[in-house]
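Trainee: A single structure is presented below for examination.
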Amino acid sequence: MLTAERRQYILRVLSQDGKVVAKRVSEELGTSEDTIRRDLRELAAEGALQRVHGGALPRPPVYGNFTSRQTQAPAGKATIARAAIQFVRNGQVILLDGGTTNIQVAQHLPQDLHATVVTNNPHVAIALEAHHPHIEIVLLGGNILKEAMVTLGTATLETIRMMRADIYFLGVCGLHPSVGISTNHLEEAYLKRAMIACASEVIALTVPEKLNTASPYIVGQLSELTAIITEQSVLDEVLEPYRALDITVVKAL
């Protein structure tokens with residue numbers, strides 16, 4: 001089998017099964033595991049998959065820069081946001097991190113809500129300032145990660161470590177039952193870990209395309225989540241592994 005044919009086979013297995021096990025593929029193709037691992041390295045370098053121990057998993061889709069992400073699937077994100085605010089109560093300290101879905105959460109919060117919102121997402125702060133007079137806004141300082149338009153760094157981490165939040169709406173890059181919560185940037189992984197550690201409830205907001213995918217940097221295990229909110233279109237069989245971990249799964253209407 002030619003290299004190109006072998007790699008197409010690997011991608012077909014990934015699409016059909018949601019994962020690639022190097023040993024199994026090597027047996028199916030009658031080639032060495034070293035050859036398959038080399039193929040996986042090359043495919044990972046091209047952004048076609050995410051290598052994990054023993055094989056590979058799908059990577060989340062590439063959505064482009066922050067501006068382009070704001071225009072993608074706005075109706076689905078708004079639906080998720082409306083489901084998310086059902087968890088919000090007066091008097092809470094609420095964490096909102098990066099992601100365009102969290103901007104939708106900020107926009108959908110009740111205008112009469114009395115709460116404190118802590119965020120490293122400047123667009124969230126702007127959305128709240130315009131229409132939410134009773135919300136105290138804490139915008140975390142730090143260096144701007146332009147790709148995601150969030151603040152990161154030592155100053156951001158130190159401020160989060162001084163806080164106790166009631167609820168954290170987690171912007172997701174990748175969720176997978178075995179890998180856990182993952183993201184594309186190392187410093188963002190550190191910050192998300194700190195936010196999880198200081199929150200009583202952690203609710204992951206995810207579009208369907210990010211389920212069962214893995215990004216390069218691990219934030220934590222799924223056991224750290226209180227709930228996952230996604231879209232109504234996601235099949236129950238996709239969500240069952242998450243429910244089996246005693247995570248509340250909400251399919252937004």
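Scheme for the structure tokens: letters A, B, ... for chains in order shown; per-chain residue numbers from 1; ligand numbers from 1 in order shown.
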Quick one: DSSP alpha helix (DSSP H) residues in range 28-234 of chain A, as a PyMOL selection string?
Mentor: chain A and resi 28-29+33-45+66-70+74-84+100-108+122-131+154-161+186-197
Trainee: Using DSSP on the backbone coordinates, identify all residues within range 69-173 of chain A classified as strand (DSSP E or B); present the result as a PyMOL selection string.
Mentor: chain A and resi 93-96+115-119+135-139+143-145+150-152+165-171
Trainee: Just the number, please: distance in Å from CA of Leu11 in chain A to CA of Asp236 in chain A, one decimal.
Mentor: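 A separation of 24.2 Å between them.
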Trainee: What's around Ser182 in chain A at 7 Å? Count only C-alpha atoms, leave out sequence neighbours fewer than 6 positions away in its own chain, and write the answer as number ranges by chain.
Mentor: A: 173-175, 214-219
Trainee: Output the selection as an mmCIF file, in the first residue's frame - C-alpha atoms for each residue.
Mentor:
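Listing of again18.cif after writing:
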```cif
data_model
loop_
_atom_site.group_PDB
_atom_site.id
_atom_site.type_symbol
_atom_site.label_atom_id
_atom_site.label_comp_id
_atom_site.auth_asym_id
_atom_site.auth_seq_id
_atom_site.Cartn_x
_atom_site.Cartn_y
_atom_site.Cartn_z
ATOM 1 C CA CYS A 173 -11.744 23.653 22.574
ATOM 2 C CA GLY A 174 -12.044 19.872 22.915
ATOM 3 C CA LEU A 175 -13.943 17.362 25.077
ATOM 4 C CA ALA A 214 -8.768 16.455 21.625
ATOM 5 C CA SER A 215 -6.483 19.495 21.522
ATOM 6 C CA PRO A 216 -2.760 19.499 22.419
ATOM 7 C CA TYR A 217 -2.949 20.712 26.042
ATOM 8 C CA ILE A 218 -4.937 18.960 28.771
ATOM 9 C CA VAL A 219 -6.942 21.151 31.154
#
```
